[in-house]
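**Student:** I am attaching a structure below and will ask some questions about it afterwards.
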Amino acid sequence: KKLSYEEAIVRAGDTLHRFPLMKIRGIPLMEHIAQNWSSIWAFRPDPSDLLISTYPKAGTTWTQEIVDLLLNNGDPDVSKRAPIPVRIPFLEIFSPPPIPSGLDLLKDMDPPRVIKTHLPIQLVPEGFWENKCKVIYVARNAKDNLVSYYHFDRMNQTQPEPGPWDGYIRKFMKGDLGWGSWYDHVKGYWKERERRNILYLFYEDMKENPRQEIIRIMKYLDLSLSDDIIDRIVQLTSFKAMKDNPMANYSFMPKPVFDQSISPFMRKGEVGDWANHFSPEQAKVFDEDYTRQMEGVDIPFRSNI
Ligand code: A3P
């Protein structure tokens, strides 16, 4: 009998620990990803496959849930059929066996598939561009993204220790975290969004007007759902609803991977939580560096200063 996703993680047991990062083309990635890089890079999507791309902690899971509901006519039972990484595999993830890799899960699915990635644009397998796959990119303002990543690294027992808060800010500014520099990530997709038909969304817009952003995604996917169904998707993808949804809140991830007693996956889901973390001095240093790193870039981030 094939192990379920959850059973496979339990079976991996003691082989799970905080894995170091290893660079691929200058980008720090989790060790298992780097070791399997050639098979990830060789992945060939179908033209009908859809990619959801983000820097970690920018609102990936939220967007995955919205897309899954849109594609299933707002049917909550369909969107609760399996844990989110099984419904929408994580392209580059590799873990110790017998945990299935993203590629293993994708092999067992027929297109059109929805695929999640955190890869910066230059590391996205070229088949996505050759096949003109649709790509939804979600960006979140830097300081909130950093805060969310910090708490995630505290609870995710397979990523490097975040260390003290002040040092974590510096690692973020230098791009020394998993999947590299936030600055390069958001800029890379922004520059290519028109040429490659990427739908570029912002976490802050999704918070402010979820209905409007859900409709934008619906149109990008060439779908047309009734107002009632859209309203239901707004409701089913609220922070509260997703925090209570065991197929979205990562409660299926055993403690040796996500220790949610340290910090829950569905932590706060707010804009501006950075103000509860940065001292005025830390914010000043961060903002000066931000201005330098984002010079000449016109990405309309809000609440980023
Ligand atoms: P916080 O840590 O700020 O709470 P990702 O899915 O990319 O890992 O991002 C996780 C972040 O998105 C977390 O941010 C999480 O709470 C937030 N999030 C998840 N679902 C959400 C929703 N429905 N509405 C708002 N924020 C959500």
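Note on naming: chains are A, B, ... as they come in the structure tokens, residues start from 1 per chain, ligands start from 1 in the order shown.
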List the neighbours of A:Gly26 out to 12 Å using only C-alpha atoms; skip same-chain residues closer than 4 positions along the sequence, and give me the result as a tab-separated table (two decimals) with N, CA and C atoms, in the first residue's frame.
**Tutor:**
chain	number	residue	atom	x	y	z
A	21	LEU	N	21.74	25.11	3.86
A	21	LEU	CA	21.47	25.61	2.52
A	21	LEU	C	22.68	25.36	1.64
A	22	MET	N	22.41	25.12	0.37
A	22	MET	CA	23.50	24.93	-0.60
A	22	MET	C	23.17	25.76	-1.83
A	34	ALA	N	19.09	21.28	-3.72
A	34	ALA	CA	20.33	21.48	-4.47
A	34	ALA	C	20.87	20.14	-4.99
A	120	PRO	N	13.40	31.71	-7.86
A	120	PRO	CA	13.52	32.99	-8.57
A	120	PRO	C	13.39	32.73	-10.07
A	122	GLN	N	14.93	33.11	-12.77
A	122	GLN	CA	15.97	32.52	-13.62
A	122	GLN	C	16.15	31.02	-13.35
A	123	LEU	N	15.61	30.53	-12.22
A	123	LEU	CA	15.73	29.10	-11.92
A	123	LEU	C	14.45	28.32	-12.25
A	175	GLY	N	20.24	38.48	1.41
A	175	GLY	CA	19.76	37.38	0.58
A	175	GLY	C	20.31	36.03	1.00
A	176	ASP	N	20.64	35.90	2.30
A	176	ASP	CA	21.24	34.66	2.80
A	176	ASP	C	20.22	33.64	3.31
A	177	LEU	N	18.95	33.81	3.00
A	177	LEU	CA	17.92	32.86	3.45
A	177	LEU	C	17.58	31.91	2.29
A	178	GLY	N	16.84	30.87	2.61
A	178	GLY	CA	16.42	29.92	1.58
A	178	GLY	C	15.68	30.64	0.45
A	179	TRP	N	16.04	30.33	-0.78
A	179	TRP	CA	15.51	30.92	-2.01
A	179	TRP	C	16.05	32.33	-2.28
A	180	GLY	N	17.05	32.72	-1.45
A	180	GLY	CA	17.84	33.89	-1.81
A	180	GLY	C	17.23	35.23	-1.48
A	181	SER	N	17.57	36.20	-2.30
A	181	SER	CA	17.24	37.59	-2.03
A	181	SER	C	15.78	37.90	-2.38
A	184	ASP	N	15.84	40.58	-5.28
A	184	ASP	CA	16.04	40.05	-6.63
A	184	ASP	C	14.81	39.27	-7.10
**Student:** Output the neighbourhood of ligand 1 as a PyMOL selection string, that is, all protein and nucleic acid residues with some atom at most 8 Å from the ligand, counting only C-alpha atoms and all ligand atoms.
**Tutor:** chain A and resi 54-63+144-145+147-149+151-152+203+206-207+237-243+265-271+273
**Student:** How would the residues just chosen look if you wrote them out with N, CA and C atoms as a compact mmCIF listing (two decimals), in the first residue's frame?
**Tutor:**
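What landed in selection-v5.txt:
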# COMPACT_ATOMS: atom_id res chain seq x y z
N THR A 54 6.07 32.52 -5.64
CA THR A 54 6.21 33.53 -4.59
C THR A 54 7.59 33.40 -3.97
N TYR A 55 8.04 34.48 -3.34
CA TYR A 55 9.11 34.36 -2.34
C TYR A 55 8.44 33.73 -1.11
N PRO A 56 9.16 32.86 -0.37
CA PRO A 56 8.50 32.21 0.77
C PRO A 56 7.83 33.21 1.71
N LYS A 57 6.63 32.86 2.10
CA LYS A 57 5.81 33.60 3.09
C LYS A 57 5.12 34.85 2.53
N ALA A 58 4.96 34.90 1.21
CA ALA A 58 4.31 36.07 0.60
C ALA A 58 2.80 35.88 0.41
N GLY A 59 2.27 34.69 0.77
CA GLY A 59 0.85 34.44 0.56
C GLY A 59 0.59 33.30 -0.41
N THR A 60 1.54 32.38 -0.48
CA THR A 60 1.46 31.23 -1.39
C THR A 60 0.22 30.38 -1.11
N THR A 61 0.08 29.94 0.14
CA THR A 61 -0.99 29.01 0.50
C THR A 61 -2.35 29.64 0.24
N TRP A 62 -2.47 30.91 0.56
CA TRP A 62 -3.71 31.66 0.33
C TRP A 62 -4.06 31.63 -1.17
N THR A 63 -3.08 31.93 -2.01
CA THR A 63 -3.30 31.95 -3.46
C THR A 63 -3.60 30.55 -3.97
N ASP A 144 7.04 42.93 6.22
CA ASP A 144 6.09 41.91 6.68
C ASP A 144 6.52 40.52 6.20
N ASN A 145 7.05 40.46 4.97
CA ASN A 145 7.52 39.18 4.44
C ASN A 145 8.64 38.63 5.32
N VAL A 147 9.24 39.33 8.54
CA VAL A 147 8.71 38.93 9.86
C VAL A 147 8.06 37.54 9.76
N SER A 148 7.29 37.35 8.71
CA SER A 148 6.61 36.06 8.54
C SER A 148 7.62 34.93 8.35
N TYR A 149 8.68 35.21 7.59
CA TYR A 149 9.72 34.19 7.33
C TYR A 149 10.47 33.87 8.63
N HIS A 151 9.33 33.95 11.75
CA HIS A 151 8.53 33.04 12.60
C HIS A 151 8.42 31.65 11.98
N PHE A 152 8.38 31.61 10.64
CA PHE A 152 8.32 30.32 9.95
C PHE A 152 9.61 29.53 10.19
N TYR A 203 0.07 40.89 -1.91
CA TYR A 203 -0.60 40.43 -0.69
C TYR A 203 -1.48 41.54 -0.11
N MET A 206 -4.71 41.88 -1.83
CA MET A 206 -5.58 40.75 -1.51
C MET A 206 -6.23 40.96 -0.15
N LYS A 207 -5.49 41.53 0.79
CA LYS A 207 -6.06 41.83 2.11
C LYS A 207 -7.11 42.93 2.00
N THR A 237 -11.73 31.55 1.75
CA THR A 237 -10.29 31.84 1.74
C THR A 237 -9.94 32.99 2.68
N SER A 238 -10.86 33.33 3.58
CA SER A 238 -10.52 34.32 4.60
C SER A 238 -9.47 33.70 5.53
N PHE A 239 -8.72 34.53 6.21
CA PHE A 239 -7.70 34.03 7.13
C PHE A 239 -8.32 33.07 8.14
N LYS A 240 -9.45 33.47 8.70
CA LYS A 240 -10.11 32.66 9.74
C LYS A 240 -10.52 31.30 9.17
N ALA A 241 -11.15 31.31 7.99
CA ALA A 241 -11.60 30.03 7.41
C ALA A 241 -10.42 29.12 7.11
N MET A 242 -9.33 29.69 6.61
CA MET A 242 -8.17 28.85 6.28
C MET A 242 -7.44 28.38 7.53
N LYS A 243 -7.45 29.20 8.56
CA LYS A 243 -6.82 28.79 9.82
C LYS A 243 -7.56 27.58 10.42
N PHE A 265 1.34 28.06 11.57
CA PHE A 265 1.50 28.39 10.15
C PHE A 265 0.61 29.57 9.79
N MET A 266 -0.66 29.50 10.18
CA MET A 266 -1.58 30.63 9.99
C MET A 266 -1.39 31.53 11.21
N ARG A 267 -0.40 32.39 11.11
CA ARG A 267 0.11 33.12 12.29
C ARG A 267 -0.74 34.34 12.59
N LYS A 268 -0.71 35.36 11.73
CA LYS A 268 -1.50 36.58 11.94
C LYS A 268 -2.29 36.97 10.70
N GLY A 269 -1.66 36.83 9.55
CA GLY A 269 -2.33 37.16 8.30
C GLY A 269 -2.69 38.63 8.19
N GLU A 270 -1.77 39.50 8.60
CA GLU A 270 -2.07 40.94 8.59
C GLU A 270 -1.02 41.72 7.81
N VAL A 271 -1.39 42.94 7.48
CA VAL A 271 -0.44 43.88 6.87
C VAL A 271 0.07 44.79 7.99
N ASP A 273 2.45 44.02 10.43
CA ASP A 273 2.93 43.41 11.68
C ASP A 273 4.41 43.73 11.92
**Student:** Name the residues of stretch 78-233 of chain A that fall into strand (DSSP E) according to DSSP on the backbone, using the chain letters and numbers of this document, as number ranges by chain.
**Tutor:** A: 114-117, 134-139, 198-202
**Student:** Taking into account only C-alpha atoms, which residue in the set A:Cys133, A:Ala139, A:Ile93, A:Leu225 is nearest to A:Gly74?
**Tutor:** A:Leu225
**Student:** Show me, as JSON lines, the residues of stretch 69-126 of chain A having an atom within 12 Å of stretch 29-32 of chain A, each with the closest atom pair and its distance in Å, using only C-alpha atoms.
**Tutor:**
{"residue": "A:Glu92", "atom": "CA", "partner": "A:His32", "partner_atom": "CA", "distance": 9.3}
{"residue": "A:Ile93", "atom": "CA", "partner": "A:His32", "partner_atom": "CA", "distance": 7.8}
{"residue": "A:Phe94", "atom": "CA", "partner": "A:His32", "partner_atom": "CA", "distance": 5.3}
{"residue": "A:Ser95", "atom": "CA", "partner": "A:His32", "partner_atom": "CA", "distance": 6.0}
{"residue": "A:Pro96", "atom": "CA", "partner": "A:His32", "partner_atom": "CA", "distance": 7.7}
{"residue": "A:Pro97", "atom": "CA", "partner": "A:His32", "partner_atom": "CA", "distance": 10.7}
{"residue": "A:Ile99", "atom": "CA", "partner": "A:His32", "partner_atom": "CA", "distance": 11.8}
{"residue": "A:Ser101", "atom": "CA", "partner": "A:His32", "partner_atom": "CA", "distance": 9.8}
{"residue": "A:Gly102", "atom": "CA", "partner": "A:His32", "partner_atom": "CA", "distance": 11.8}
{"residue": "A:His118", "atom": "CA", "partner": "A:Leu29", "partner_atom": "CA", "distance": 10.0}
{"residue": "A:Leu119", "atom": "CA", "partner": "A:Leu29", "partner_atom": "CA", "distance": 9.1}
{"residue": "A:Pro120", "atom": "CA", "partner": "A:Leu29", "partner_atom": "CA", "distance": 10.9}
{"residue": "A:Leu123", "atom": "CA", "partner": "A:Leu29", "partner_atom": "CA", "distance": 11.1}
**Student:** Going by DSSP on the backbone, which residues of stretch 236-283 of chain A come out as alpha helix (DSSP H)? List them as a ChimeraX atom specification.
**Tutor:** /A:236,239-243,280-283
**Student:** Quick check, in Å to one decimal: how far apart do atom CA of A:Arg44 and atom CA of A:Val78 lie?
**Tutor:** 26.5 Å
**Student:** Counting only C-alpha atoms, which of A:Asp49, A:Asp110, A:Asp75, A:Glu213 gets nearest to A:Trp129?
**Tutor:** A:Asp49
**Student:** Taking only C-alpha atoms into account, name the residue in A:Tyr200, A:Tyr220, A:Phe19, A:Trp41 that is nearest to A:Pro125.
**Tutor:**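 Looking only at the distances to A:Pro125, the closest residue turns out to be A:Trp41.
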**Student:** Please list as a list in words every residue within 10 Å of A:Arg154, counting only C-alpha atoms and excluding residues in the same chain fewer than 2 positions away.
**Tutor:**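 Here the answer would be Tyr149, Tyr150, His151, Phe152, Asn156, Gln157, Thr158, Gln159, Pro160, Glu161, Pro162, Gly163, Phe258, Asp259, Gln260, Ile262 and Ser263 of chain A.
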**Student:** What lies within 10 Å of A:Asp46 using only C-alpha atoms, ignoring chain neighbours under 3 positions off, as a CSV table (one decimal) with all heavy atoms, in the first residue's frame?
**Tutor:**
chain,number,residue,atom,x,y,z
A,43,PHE,N,12.5,19.4,-15.4
A,43,PHE,CA,11.0,19.2,-15.4
A,43,PHE,C,10.4,19.9,-16.6
A,43,PHE,O,10.6,21.0,-16.9
A,43,PHE,CB,10.4,19.8,-14.1
A,43,PHE,CG,8.9,19.7,-14.1
A,43,PHE,CD1,8.2,18.4,-13.9
A,43,PHE,CD2,8.1,20.8,-14.3
A,43,PHE,CE1,6.9,18.4,-13.9
A,43,PHE,CE2,6.7,20.7,-14.3
A,43,PHE,CZ,6.1,19.5,-14.1
A,49,ASP,N,-0.5,23.6,-17.7
A,49,ASP,CA,-0.2,23.7,-16.3
A,49,ASP,C,-0.1,25.1,-15.9
A,49,ASP,O,0.3,26.0,-16.7
A,49,ASP,CB,1.1,23.0,-16.0
A,49,ASP,CG,1.1,21.5,-16.1
A,49,ASP,OD1,-0.1,20.9,-15.9
A,49,ASP,OD2,2.1,20.8,-16.3
A,50,LEU,N,-0.4,25.4,-14.6
A,50,LEU,CA,-0.4,26.8,-14.1
A,50,LEU,C,0.6,26.8,-12.9
A,50,LEU,O,0.6,25.9,-12.1
A,50,LEU,CB,-1.8,27.1,-13.5
A,50,LEU,CG,-1.9,28.4,-12.6
A,50,LEU,CD1,-1.8,29.6,-13.5
A,50,LEU,CD2,-3.2,28.4,-11.9
A,110,ASP,N,-2.5,14.2,-13.8
A,110,ASP,CA,-2.7,14.5,-15.2
A,110,ASP,C,-2.8,16.0,-15.3
A,110,ASP,O,-3.5,16.7,-14.5
A,110,ASP,CB,-4.0,13.9,-15.7
A,110,ASP,CG,-3.9,12.4,-15.8
A,110,ASP,OD1,-2.8,11.9,-16.1
A,110,ASP,OD2,-4.9,11.7,-15.5
A,111,PRO,N,-2.3,16.6,-16.4
A,111,PRO,CA,-2.5,18.0,-16.6
A,111,PRO,C,-4.0,18.3,-16.9
A,111,PRO,O,-4.6,17.3,-17.4
A,111,PRO,CB,-1.6,18.3,-17.9
A,111,PRO,CG,-0.7,17.2,-18.0
A,111,PRO,CD,-1.4,16.0,-17.4
A,112,PRO,N,-4.5,19.4,-16.7
A,112,PRO,CA,-3.8,20.6,-16.2
A,112,PRO,C,-3.6,20.6,-14.7
A,112,PRO,O,-4.5,20.2,-14.0
A,112,PRO,CB,-4.8,21.8,-16.6
A,112,PRO,CG,-6.2,21.1,-16.6
A,112,PRO,CD,-5.9,19.7,-17.1
A,113,ARG,N,-2.3,20.8,-14.3
A,113,ARG,CA,-2.0,20.8,-12.9
A,113,ARG,C,-1.7,22.2,-12.4
A,113,ARG,O,-1.3,23.1,-13.2
A,113,ARG,CB,-0.8,19.9,-12.7
A,113,ARG,CG,-1.0,18.5,-13.1
A,113,ARG,CD,0.3,17.8,-13.3
A,113,ARG,NE,1.1,18.3,-14.4
A,113,ARG,CZ,2.2,17.7,-14.9
A,113,ARG,NH1,2.7,16.6,-14.4
A,113,ARG,NH2,2.8,18.3,-15.9
A,127,GLY,N,10.9,25.0,-19.6
A,127,GLY,CA,9.7,24.5,-20.3
A,127,GLY,C,8.4,25.4,-19.9
A,127,GLY,O,7.5,25.5,-20.7
A,128,PHE,N,8.4,26.0,-18.8
A,128,PHE,CA,7.3,26.9,-18.4
A,128,PHE,C,7.2,28.0,-19.4
A,128,PHE,O,6.1,28.4,-19.7
A,128,PHE,CB,7.4,27.4,-17.0
A,128,PHE,CG,7.1,26.4,-15.9
A,128,PHE,CD1,8.1,25.6,-15.3
A,128,PHE,CD2,5.8,26.1,-15.6
A,128,PHE,CE1,7.7,24.7,-14.3
A,128,PHE,CE2,5.4,25.2,-14.6
A,128,PHE,CZ,6.4,24.4,-14.0
A,131,ASN,N,6.5,26.7,-23.1
A,131,ASN,CA,5.1,26.3,-23.3
A,131,ASN,C,4.1,27.4,-23.0
A,131,ASN,O,2.9,27.1,-23.0
A,131,ASN,CB,4.8,25.1,-22.4
A,131,ASN,CG,5.5,23.8,-22.9
A,131,ASN,OD1,5.7,23.7,-24.1
A,131,ASN,ND2,5.7,22.8,-22.1
A,132,LYS,N,4.6,28.6,-22.7
A,132,LYS,CA,3.8,29.7,-22.4
A,132,LYS,C,2.7,29.4,-21.3
A,132,LYS,O,1.5,29.7,-21.4
A,132,LYS,CB,3.1,30.2,-23.7
A,132,LYS,CG,4.0,30.7,-24.8
A,132,LYS,CD,3.3,31.5,-25.8
A,132,LYS,CE,4.3,32.3,-26.7
A,132,LYS,NZ,5.6,31.8,-26.9
A,133,CYS,N,3.2,28.7,-20.3
A,133,CYS,CA,2.3,28.4,-19.1
A,133,CYS,C,1.9,29.7,-18.4
A,133,CYS,O,2.6,30.7,-18.4
A,133,CYS,CB,3.0,27.5,-18.1
A,133,CYS,SG,3.4,25.9,-18.7
**Student:** Please compute the atom CA of A:Trp37-atom CA of A:Leu103 distance, one decimal, in Å.
**Tutor:** 11.4 Å
**Student:** Could you check the closest approach to A:Lys174 for each of A:Asp244, A:Arg196, A:Phe286, A:Pro47 and tell me which residue wins, using only C-alpha atoms?
**Tutor:**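 Answer, going by the shortest atom-to-atom distance: A:Phe286.
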**Student:** Determine the nearest neighbour of A:Asp68 from the options A:Leu236, A:His185, A:Gln212, A:Ser261, counting only C-alpha atoms.
**Tutor:**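 Going through A:Leu236, A:His185, A:Gln212, A:Ser261 one by one, the smallest distance to A:Asp68 is for A:Leu236.
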